[in-house]
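Asker: So here's model30.pdb (PDB, C-alpha atoms).
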```pdb
ATOM      1  CA  MET A   1       0.000   0.000   0.000
ATOM      2  CA  THR A   2       1.260   3.434  -0.903
ATOM      3  CA  ALA A   3       2.002   6.102   1.630
ATOM      4  CA  LEU A   4       1.150   9.737   1.025
ATOM      5  CA  ARG A   5       2.683  12.833   2.629
ATOM      6  CA  TYR A   6       0.654  14.928   5.022
ATOM      7  CA  VAL A   7       2.105  18.420   5.498
ATOM      8  CA  TYR A   8       1.550  20.262   8.793
ATOM      9  CA  ALA A   9       3.588  23.380   8.491
ATOM     10  CA  VAL A  10       6.474  25.141   6.836
ATOM     11  CA  CYS A  11       9.139  26.747   8.972
ATOM     12  CA  ARG A  12      12.715  27.921   8.976
ATOM     13  CA  PRO A  13      15.309  25.339  10.058
ATOM     14  CA  PHE A  14      15.345  24.874  13.817
ATOM     15  CA  ARG A  15      17.948  23.404  16.123
ATOM     16  CA  SER A  16      16.004  21.743  18.882
ATOM     17  CA  ALA A  17      14.661  18.285  18.252
ATOM     18  CA  LEU A  18      10.948  17.636  18.342
ATOM     19  CA  GLN A  19       9.790  15.506  21.244
ATOM     20  CA  ALA A  20      10.598  11.866  20.535
ATOM     21  CA  GLN A  21       7.110  10.539  21.270
ATOM     22  CA  LEU A  22       5.379  12.897  18.888
ATOM     23  CA  ALA A  23       2.956  11.124  16.566
ATOM     24  CA  GLY A  24       1.351  12.612  13.478
ATOM     25  CA  VAL A  25      -2.173  12.283  12.139
ATOM     26  CA  ALA A  26      -1.903   8.624  11.194
ATOM     27  CA  GLY A  27       0.465   7.693  13.993
ATOM     28  CA  ALA A  28       3.730   8.053  12.066
ATOM     29  CA  PRO A  29       6.209  10.523  13.588
ATOM     30  CA  PRO A  30       6.574  13.846  11.757
ATOM     31  CA  LYS A  31       9.794  14.373   9.840
ATOM     32  CA  GLN A  32      11.511  17.385   8.385
ATOM     33  CA  LEU A  33      11.892  17.808   4.674
ATOM     34  CA  THR A  34      14.307  20.617   3.868
ATOM     35  CA  HIS A  35      14.159  22.408   0.553
ATOM     36  CA  HIS A  36      16.006  25.654  -0.318
ATOM     37  CA  GLY A  37      16.514  26.491   3.325
ATOM     38  CA  LEU A  38      12.872  25.988   4.328
ATOM     39  CA  VAL A  39      11.549  23.009   6.256
ATOM     40  CA  ALA A  40       8.266  21.265   5.585
ATOM     41  CA  VAL A  41       7.088  19.145   8.489
ATOM     42  CA  VAL A  42       5.481  16.024   7.060
ATOM     43  CA  SER A  43       4.417  12.570   8.063
ATOM     44  CA  THR A  44       3.423   9.577   5.999
ATOM     45  CA  VAL A  45      -0.242   8.693   5.893
ATOM     46  CA  PRO A  46      -1.899   5.677   4.266
ATOM     47  CA  GLU A  47      -3.456   6.215   0.874
ATOM     48  CA  ALA A  48      -6.412   4.135   2.029
ATOM     49  CA  ASP A  49      -7.404   6.985   4.340
ATOM     50  CA  PHE A  50      -5.973  10.079   2.717
ATOM     51  CA  ALA A  51      -6.576   9.688  -0.990
ATOM     52  CA  GLU A  52      -9.292  12.006  -2.244
ATOM     53  CA  GLU A  53     -12.297   9.699  -1.926
ATOM     54  CA  PRO A  54     -11.602   8.251   1.544
ATOM     55  CA  LEU A  55     -10.495  11.665   2.790
ATOM     56  CA  ARG A  56     -13.727  13.232   1.621
ATOM     57  CA  ALA A  57     -15.685  10.518   3.386
ATOM     58  CA  HIS A  58     -13.612  10.797   6.572
ATOM     59  CA  LEU A  59     -14.142  14.531   6.796
ATOM     60  CA  GLU A  60     -17.842  13.780   7.184
ATOM     61  CA  ASP A  61     -17.081  11.772  10.268
ATOM     62  CA  LEU A  62     -16.895  13.898  13.395
ATOM     63  CA  ASP A  63     -14.829  11.381  15.364
ATOM     64  CA  TRP A  64     -12.272  11.068  12.592
ATOM     65  CA  LEU A  65     -12.172  14.824  12.125
ATOM     66  CA  THR A  66     -11.669  15.332  15.854
ATOM     67  CA  ALA A  67      -8.813  12.843  16.094
ATOM     68  CA  THR A  68      -7.131  14.249  12.998
ATOM     69  CA  ALA A  69      -7.522  17.869  14.090
ATOM     70  CA  ARG A  70      -6.102  17.061  17.529
ATOM     71  CA  ALA A  71      -3.131  15.191  16.071
ATOM     72  CA  HIS A  72      -2.484  18.036  13.631
ATOM     73  CA  GLN A  73      -2.621  20.555  16.466
ATOM     74  CA  GLN A  74      -0.242  18.446  18.564
ATOM     75  CA  VAL A  75       2.401  18.621  15.880
ATOM     76  CA  ILE A  76       1.898  22.367  15.432
ATOM     77  CA  ASP A  77       2.073  22.811  19.190
ATOM     78  CA  ALA A  78       5.346  20.905  19.384
ATOM     79  CA  LEU A  79       6.719  23.078  16.574
ATOM     80  CA  THR A  80       5.555  26.232  18.328
ATOM     81  CA  ALA A  81       7.753  25.272  21.266
ATOM     82  CA  VAL A  82      10.902  25.313  19.126
ATOM     83  CA  THR A  83      10.200  27.722  16.258
ATOM     84  CA  THR A  84       7.500  29.862  14.612
ATOM     85  CA  PRO A  85       5.669  27.483  12.296
ATOM     86  CA  LEU A  86       3.509  28.555   9.397
ATOM     87  CA  PRO A  87       0.600  26.117   9.779
ATOM     88  CA  LEU A  88      -1.067  24.709   6.679
ATOM     89  CA  ARG A  89      -4.746  24.010   6.506
ATOM     90  CA  LEU A  90      -5.984  20.656   7.762
ATOM     91  CA  ALA A  91      -5.591  17.775   5.299
ATOM     92  CA  THR A  92      -2.960  19.092   2.887
ATOM     93  CA  VAL A  93      -1.683  15.909   1.267
ATOM     94  CA  PHE A  94       0.904  15.101  -1.439
ATOM     95  CA  ARG A  95       1.762  11.921  -3.313
ATOM     96  CA  ASP A  96       5.444  11.941  -2.388
ATOM     97  CA  ASP A  97       8.364  14.060  -1.208
ATOM     98  CA  SER A  98       8.915  15.503  -4.628
ATOM     99  CA  GLY A  99       5.348  16.806  -4.656
ATOM    100  CA  VAL A 100       6.055  18.574  -1.371
ATOM    101  CA  ARG A 101       9.281  19.984  -2.791
ATOM    102  CA  SER A 102       7.644  21.391  -5.900
ATOM    103  CA  MET A 103       4.959  23.022  -3.765
ATOM    104  CA  MET A 104       7.664  24.594  -1.578
ATOM    105  CA  GLU A 105       9.538  25.801  -4.601
ATOM    106  CA  ALA A 106       6.426  27.326  -6.128
ATOM    107  CA  ARG A 107       5.468  29.140  -2.921
ATOM    108  CA  GLU A 108       8.962  29.881  -1.606
ATOM    109  CA  GLU A 109       8.672  33.668  -1.753
ATOM    110  CA  ASP A 110       5.282  33.686  -0.034
ATOM    111  CA  PHE A 111       6.474  31.329   2.684
ATOM    112  CA  ARG A 112       9.489  33.499   3.434
ATOM    113  CA  ARG A 113       7.452  36.672   3.471
ATOM    114  CA  VAL A 114       4.806  35.329   5.841
ATOM    115  CA  LEU A 115       7.353  33.533   8.036
ATOM    116  CA  ASP A 116       9.195  36.837   8.436
ATOM    117  CA  ARG A 117       5.945  38.543   9.281
ATOM    118  CA  LEU A 118       4.971  35.951  11.905
ATOM    119  CA  GLU A 119       8.399  35.361  13.435
ATOM    120  CA  GLY A 120       8.156  35.407  17.224
ATOM    121  CA  ARG A 121       4.394  36.025  17.199
ATOM    122  CA  VAL A 122       1.595  33.946  18.641
ATOM    123  CA  GLU A 123      -2.143  34.063  18.384
ATOM    124  CA  TRP A 124      -4.538  34.561  21.295
ATOM    125  CA  GLY A 125      -8.227  33.791  21.062
ATOM    126  CA  VAL A 126     -10.758  35.897  22.942
ATOM    127  CA  LYS A 127     -14.456  35.122  23.090
ATOM    128  CA  VAL A 128     -17.236  37.113  24.698
ATOM    129  CA  TYR A 129     -20.482  35.417  25.721
ATOM    130  CA  ALA A 130     -23.788  36.915  26.689
ATOM    131  CA  GLU A 131     -25.500  35.006  29.451
ATOM    132  CA  PRO A 132     -28.984  36.520  29.621
ATOM    133  CA  GLU A 133     -30.199  33.887  32.104
ATOM    134  CA  SER A 134     -27.586  34.651  34.710
ATOM    135  CA  ALA A 135     -28.243  38.384  34.324
ATOM    136  CA  GLU A 136     -31.986  37.872  34.691
ATOM    137  CA  ARG A 137     -31.541  35.749  37.768
ATOM    138  CA  GLU A 138     -29.561  38.503  39.407
ATOM    139  CA  THR A 139     -31.867  41.334  38.469
ATOM    140  CA  ALA A 140     -35.199  39.553  38.823
ATOM    141  CA  ASP A 141     -37.494  40.786  41.514
ATOM    142  CA  PRO A 142     -38.364  37.692  43.557
ATOM    143  CA  ALA A 143     -41.797  39.064  44.510
ATOM    144  CA  ALA A 144     -42.727  39.641  40.874
ATOM    145  CA  THR A 145     -41.756  36.155  39.794
ATOM    146  CA  GLY A 146     -43.376  34.332  42.709
ATOM    147  CA  ARG A 147     -46.325  32.008  42.125
ATOM    148  CA  ALA A 148     -48.821  34.108  44.054
ATOM    149  CA  GLY A 149     -48.042  37.087  41.827
ATOM    150  CA  ALA A 150     -48.490  35.062  38.668
ATOM    151  CA  GLU A 151     -51.949  33.865  39.679
ATOM    152  CA  ALA A 152     -53.237  37.355  40.363
ATOM    153  CA  LEU A 153     -51.874  38.689  37.101
ATOM    154  CA  SER A 154     -54.303  40.387  34.761
ATOM    155  CA  GLY A 155     -53.837  40.174  30.991
ATOM    156  CA  ARG A 156     -52.664  43.759  30.887
ATOM    157  CA  ASP A 157     -50.128  43.148  33.682
ATOM    158  CA  TYR A 158     -48.928  40.086  31.897
ATOM    159  CA  LEU A 159     -48.306  41.974  28.677
ATOM    160  CA  ARG A 160     -46.612  44.788  30.537
ATOM    161  CA  ARG A 161     -44.331  42.313  32.240
ATOM    162  CA  ARG A 162     -43.539  40.622  28.962
ATOM    163  CA  ARG A 163     -42.619  43.978  27.440
ATOM    164  CA  THR A 164     -40.391  44.808  30.378
ATOM    165  CA  GLN A 165     -38.638  41.484  30.085
ATOM    166  CA  THR A 166     -38.134  41.916  26.361
ATOM    167  CA  ARG A 167     -36.783  45.399  26.893
ATOM    168  CA  ALA A 168     -34.417  44.171  29.613
ATOM    169  CA  ARG A 169     -33.160  41.503  27.271
ATOM    170  CA  GLU A 170     -32.596  44.021  24.488
ATOM    171  CA  ASP A 171     -30.761  46.362  26.840
ATOM    172  CA  MET A 172     -28.645  43.458  27.933
ATOM    173  CA  TRP A 173     -27.780  42.599  24.325
ATOM    174  CA  GLN A 174     -26.817  46.171  23.616
ATOM    175  CA  LYS A 175     -24.667  46.216  26.701
ATOM    176  CA  VAL A 176     -22.876  43.015  25.770
ATOM    177  CA  ALA A 177     -22.405  44.167  22.171
ATOM    178  CA  ALA A 178     -21.010  47.487  23.361
ATOM    179  CA  PHE A 179     -18.702  45.728  25.792
ATOM    180  CA  ALA A 180     -17.487  43.347  23.111
ATOM    181  CA  GLY A 181     -16.939  46.253  20.726
ATOM    182  CA  ARG A 182     -14.874  48.186  23.252
ATOM    183  CA  LEU A 183     -12.881  45.106  24.225
ATOM    184  CA  HIS A 184     -12.136  44.287  20.592
ATOM    185  CA  GLU A 185     -11.036  47.870  19.961
ATOM    186  CA  LYS A 186      -8.662  47.864  22.915
ATOM    187  CA  LEU A 187      -7.216  44.452  22.159
ATOM    188  CA  SER A 188      -6.820  45.300  18.467
ATOM    189  CA  ALA A 189      -4.931  48.447  19.418
ATOM    190  CA  PHE A 190      -2.539  46.394  21.532
ATOM    191  CA  ALA A 191      -2.167  43.500  19.090
ATOM    192  CA  GLU A 192      -0.361  43.715  15.768
ATOM    193  CA  ASP A 193      -3.306  42.297  13.899
ATOM    194  CA  SER A 194      -6.723  40.818  14.573
ATOM    195  CA  ARG A 195      -9.289  38.580  12.879
ATOM    196  CA  LEU A 196     -12.923  37.935  13.611
ATOM    197  CA  HIS A 197     -14.107  34.349  13.448
ATOM    198  CA  ALA A 198     -17.795  33.562  13.161
ATOM    199  CA  PRO A 199     -19.461  33.376  16.567
ATOM    200  CA  GLN A 200     -19.609  29.783  17.737
ATOM    201  CA  ASN A 201     -22.758  27.763  17.843
ATOM    202  CA  ALA A 202     -23.624  26.903  21.441
ATOM    203  CA  ALA A 203     -24.871  23.449  20.451
ATOM    204  CA  LEU A 204     -21.392  22.628  19.164
ATOM    205  CA  SER A 205     -19.207  24.312  21.708
ATOM    206  CA  GLY A 206     -21.294  23.184  24.648
ATOM    207  CA  ALA A 207     -20.541  26.573  26.161
ATOM    208  CA  SER A 208     -23.253  28.348  28.072
ATOM    209  CA  GLY A 209     -24.558  31.655  26.801
ATOM    210  CA  GLN A 210     -24.468  33.134  23.349
ATOM    211  CA  ASN A 211     -21.113  33.795  21.735
ATOM    212  CA  VAL A 212     -21.050  37.383  20.493
ATOM    213  CA  LEU A 213     -17.327  37.903  19.867
ATOM    214  CA  ASN A 214     -14.926  35.248  18.600
ATOM    215  CA  ALA A 215     -11.702  37.001  17.761
ATOM    216  CA  ALA A 216      -8.031  36.173  17.260
ATOM    217  CA  TYR A 217      -5.168  38.544  18.009
ATOM    218  CA  LEU A 218      -1.596  38.400  16.749
ATOM    219  CA  VAL A 219       0.767  39.287  19.573
ATOM    220  CA  PRO A 220       4.559  39.126  19.904
ATOM    221  CA  ARG A 221       5.402  36.249  22.190
ATOM    222  CA  ALA A 222       7.302  38.684  24.403
ATOM    223  CA  ASP A 223       4.170  40.801  24.919
ATOM    224  CA  SER A 224       1.871  37.884  25.641
ATOM    225  CA  GLU A 225       1.862  38.270  29.376
ATOM    226  CA  GLU A 226       0.882  41.902  29.008
ATOM    227  CA  PHE A 227      -1.873  40.941  26.575
ATOM    228  CA  VAL A 228      -3.315  38.405  29.002
ATOM    229  CA  GLU A 229      -3.218  41.025  31.770
ATOM    230  CA  LEU A 230      -4.979  43.481  29.487
ATOM    231  CA  VAL A 231      -7.798  41.011  28.834
ATOM    232  CA  ASP A 232      -8.061  40.453  32.546
ATOM    233  CA  ARG A 233      -8.112  44.157  33.322
ATOM    234  CA  GLU A 234     -10.799  44.945  30.766
ATOM    235  CA  LYS A 235     -13.252  42.642  32.401
ATOM    236  CA  ASP A 236     -16.570  44.137  33.206
ATOM    237  CA  ASP A 237     -18.199  43.308  36.486
ATOM    238  CA  ALA A 238     -21.661  43.356  34.988
ATOM    239  CA  PRO A 239     -23.615  40.117  35.269
ATOM    240  CA  GLY A 240     -24.340  38.298  32.057
ATOM    241  CA  ILE A 241     -20.972  38.793  30.358
ATOM    242  CA  ARG A 242     -18.285  36.131  30.201
ATOM    243  CA  VAL A 243     -14.885  36.376  28.531
ATOM    244  CA  GLU A 244     -12.822  33.367  27.511
ATOM    245  CA  LEU A 245      -9.178  33.427  26.581
ATOM    246  CA  THR A 246      -7.430  30.663  24.616
ATOM    247  CA  GLY A 247      -3.843  30.357  23.542
ATOM    248  CA  PRO A 248      -1.114  30.844  22.805
ATOM    249  CA  TRP A 249      -1.812  29.353  19.381
ATOM    250  CA  ALA A 250       0.395  29.192  16.321
ATOM    251  CA  ALA A 251      -0.714  32.048  14.066
ATOM    252  CA  TYR A 252      -3.376  29.997  12.250
ATOM    253  CA  SER A 253      -5.688  32.940  11.732
ATOM    254  CA  PHE A 254      -3.013  35.190  10.256
ATOM    255  CA  THR A 255      -1.916  33.334   7.180
ATOM    256  CA  ALA A 256      -4.389  35.074   4.879
ATOM    257  CA  GLU A 257      -1.632  36.890   2.997
ATOM    258  CA  PHE A 258      -1.715  33.709   0.988
ATOM    259  CA  ALA A 259      -4.935  34.947  -0.476
ATOM    260  CA  GLU A 260      -4.062  33.920  -4.034
ATOM    261  CA  GLU A 261      -4.981  30.342  -3.340
ATOM    262  CA  GLU A 262      -7.818  30.768  -0.932
ATOM    263  CA  PRO A 263     -10.734  28.715  -2.113
ATOM    264  CA  GLU A 264     -13.426  30.887  -3.564
ATOM    265  CA  VAL A 265     -16.224  31.167  -1.139
ATOM    266  CA  GLY A 266     -19.693  32.177  -2.009
ATOM    267  CA  PRO A 267     -23.248  31.095  -1.914
TER     268      PRO A 267
ATOM    269  CA  MET B 268     -17.695  38.692  34.495
ATOM    270  CA  THR B 269     -15.076  36.031  34.589
ATOM    271  CA  VAL B 270     -12.054  35.426  32.434
ATOM    272  CA  VAL B 271     -11.620  31.739  31.872
ATOM    273  CA  GLU B 272      -8.360  30.295  30.701
ATOM    274  CA  ARG B 273      -8.969  26.860  29.299
ATOM    275  CA  ARG B 274      -6.343  24.172  29.509
ATOM    276  CA  GLU B 275      -8.092  21.629  27.319
ATOM    277  CA  ILE B 276      -8.550  22.962  23.817
ATOM    278  CA  ALA B 277     -12.172  22.927  22.719
ATOM    279  CA  LEU B 278     -12.794  21.244  19.395
ATOM    280  CA  VAL B 279     -14.671  24.248  18.045
ATOM    281  CA  ASP B 280     -11.760  26.569  18.771
ATOM    282  CA  LEU B 281      -9.455  24.148  17.037
ATOM    283  CA  LEU B 282     -11.678  23.793  13.983
ATOM    284  CA  ASP B 283     -12.093  27.573  13.730
ATOM    285  CA  ARG B 284      -8.381  27.616  13.103
ATOM    286  CA  LEU B 285      -7.704  24.390  11.237
ATOM    287  CA  LEU B 286     -10.605  24.731   8.816
ATOM    288  CA  ALA B 287     -10.749  28.475   8.352
ATOM    289  CA  GLY B 288      -7.109  29.326   9.072
ATOM    290  CA  GLY B 289      -3.769  27.973   7.994
ATOM    291  CA  VAL B 290      -2.111  28.372   4.649
ATOM    292  CA  VAL B 291      -4.004  26.939   1.712
ATOM    293  CA  VAL B 292      -1.651  25.421  -0.828
ATOM    294  CA  THR B 293      -2.659  23.215  -3.665
ATOM    295  CA  GLY B 294      -1.675  19.774  -2.544
ATOM    296  CA  ASP B 295      -1.946  16.731  -4.752
ATOM    297  CA  ILE B 296      -4.996  15.738  -2.751
ATOM    298  CA  THR B 297      -6.054  18.945  -1.039
ATOM    299  CA  LEU B 298      -9.786  19.005  -0.745
ATOM    300  CA  ARG B 299     -11.488  22.308  -0.754
ATOM    301  CA  ILE B 300     -12.747  21.962   2.772
ATOM    302  CA  ALA B 301     -15.662  24.230   1.905
ATOM    303  CA  ASP B 302     -16.764  21.667  -0.680
ATOM    304  CA  VAL B 303     -16.965  18.906   1.851
ATOM    305  CA  ASP B 304     -20.155  18.686   3.815
ATOM    306  CA  LEU B 305     -18.272  18.319   7.043
ATOM    307  CA  VAL B 306     -20.592  16.261   9.169
ATOM    308  CA  ARG B 307     -23.845  17.564   7.822
ATOM    309  CA  ILE B 308     -25.739  17.634  11.082
ATOM    310  CA  ASP B 309     -24.520  20.408  13.358
ATOM    311  CA  LEU B 310     -21.175  20.991  11.867
ATOM    312  CA  ASN B 311     -22.663  23.160   9.149
ATOM    313  CA  ALA B 312     -23.023  26.007  11.586
ATOM    314  CA  LEU B 313     -19.431  25.666  12.569
ATOM    315  CA  ILE B 314     -18.151  25.377   9.068
ATOM    316  CA  SER B 315     -19.832  28.603   8.137
ATOM    317  CA  SER B 316     -16.680  30.029   9.662
ATOM    318  CA  VAL B 317     -14.940  28.899   6.498
ATOM    319  CA  ASN B 318     -16.813  31.673   4.781
ATOM    320  CA  GLU B 319     -14.532  34.583   5.445
ATOM    321  CA  GLN B 320     -15.700  38.126   6.058
ATOM    322  CA  VAL B 321     -17.619  37.458   9.176
ATOM    323  CA  PRO B 322     -19.927  40.367   9.838
ATOM    324  CA  SER B 323     -19.469  41.752  13.293
ATOM    325  CA  PRO B 324     -22.630  41.893  15.374
ATOM    326  CA  TRP B 325     -22.094  45.501  16.470
ATOM    327  CA  GLY B 326     -21.155  47.016  13.118
ATOM    328  CA  GLU B 327     -17.828  47.856  11.555
ATOM    329  CA  LEU B 328     -14.981  48.400  13.955
ATOM    330  CA  THR B 329     -11.804  47.558  12.174
TER     331      THR B 329
END
```
Represent the supplied structure as structure tokens.

Answerer:
Amino acid sequence: MTALRYVYAVCRPFRSALQAQLAGVAGAPPKQLTHHGLVAVVSTVPEADFAEEPLRAHLEDLDWLTATARAHQQVIDALTAVTTPLPLRLATVFRDDSGVRSMMEAREEDFRRVLDRLEGRVEWGVKVYAEPESAERETADPAATGRAGAEALSGRDYLRRRRTQTRAREDMWQKVAAFAGRLHEKLSAFAEDSRLHAPQNAALSGASGQNVLNAAYLVPRADSEEFVELVDREKDDAPGIRVELTGPWAAYSFTAEFAEEEPEVGP
Amino acid sequence: MTVVERREIALVDLLDRLLAGGVVVTGDITLRIADVDLVRIDLNALISSVNEQVPSPWGELT
């Protein structure tokens, strides 16, 4: 059976060895393939799983996707510890080493340019959630929500209460949106670059509340501690707002200067 | 408000980056991830992140 080459990242040559136990997406350890002074980090993967048809089928399988994404991230993480990797998108596969080499040769200038740009930088993820329930719990008037009150309620009172609740919810949304806007402005001013990801679906993330900001910030590694402190300092004490910080990540969200080969997106 | 620093990486955070980020090069077998119906059920919502130019909920800031 033929083995294909799965490429994780391109980086400049690095001295430190990768951890010995490191396994790639199909279990094989990642290796370095050097071409014109750039290193592609690759591992062999079986054609039975990574040729176009099986790969397409596998990507429909959440368990397979999860395992593959985690293995990919593990390799990138290990690289981040020793260098500044330029991560490639999930499931970039070549027939053999020479395919990888020709790709590197074709994109050499772009790789060098973006690697220079990202050198010594990491990505931090910041998410803001609105938690209307927790805010309502804290602001609710216990007497108004008690059973006795509900029984005595006239239709007009009911409608008035509904309106008040709706208005409170709208105010809350405006407050969270304003908070998220201010936070994003401040963090963007500190960071070298920023990207907005689509807000996450609560059903998928399992996180409570509604995700209103899902942003990534490019920050020099040396300034990371300050960035984390800034996020911490900007926290609002209002109920109903939650901020989550993730990272440091390799600069996944900041590779868009490779726009020439972005897949066309559209309806 | 609380700032939560997560140790375990959430799958959604990872997929935001691995499916919408990272350099796209034409591999011999690179699939256009956007063409694949990544786990039709709920993942569609997530994969919408592959469509760049996410509108911000509070208007233009950047």

Asker: Go through the shown structure with the PyMOL selection byres ((chain B and resi 282) around 10) and write out the matching residues as a PyMOL selection string.

Answerer: (chain A and resi 65-66+69-70+73+90) or (chain B and resi 277-281+283-288+313-314+316-317)

Asker: Which of these, A:Pro132, A:Gly37, A:Gly125, A:Gly120, has the shortest distance to chain B once you count all atoms listed in the file?

Answerer: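 The answer is A:Gly125, which sits nearest to chain B.
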
Asker: At a cut-off of 8 Å, using all atoms listed in the file, what residues contact region 293-295 of chain B? Leave out same-chain residues fewer than 5 positions from it and give the result as a list in words.

Answerer: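 Those residues are Thr92, Val93, Phe94, Arg95, Gly99, Val100, Met103 and Glu261 of chain A.
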
Asker: Would you compute the distance between CA of Gln74 (chain A) and CA of Glu53 (chain A)? Give it in Å to one decimal.

Answerer: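 Computing it gives 25.3 Å between the two atoms.
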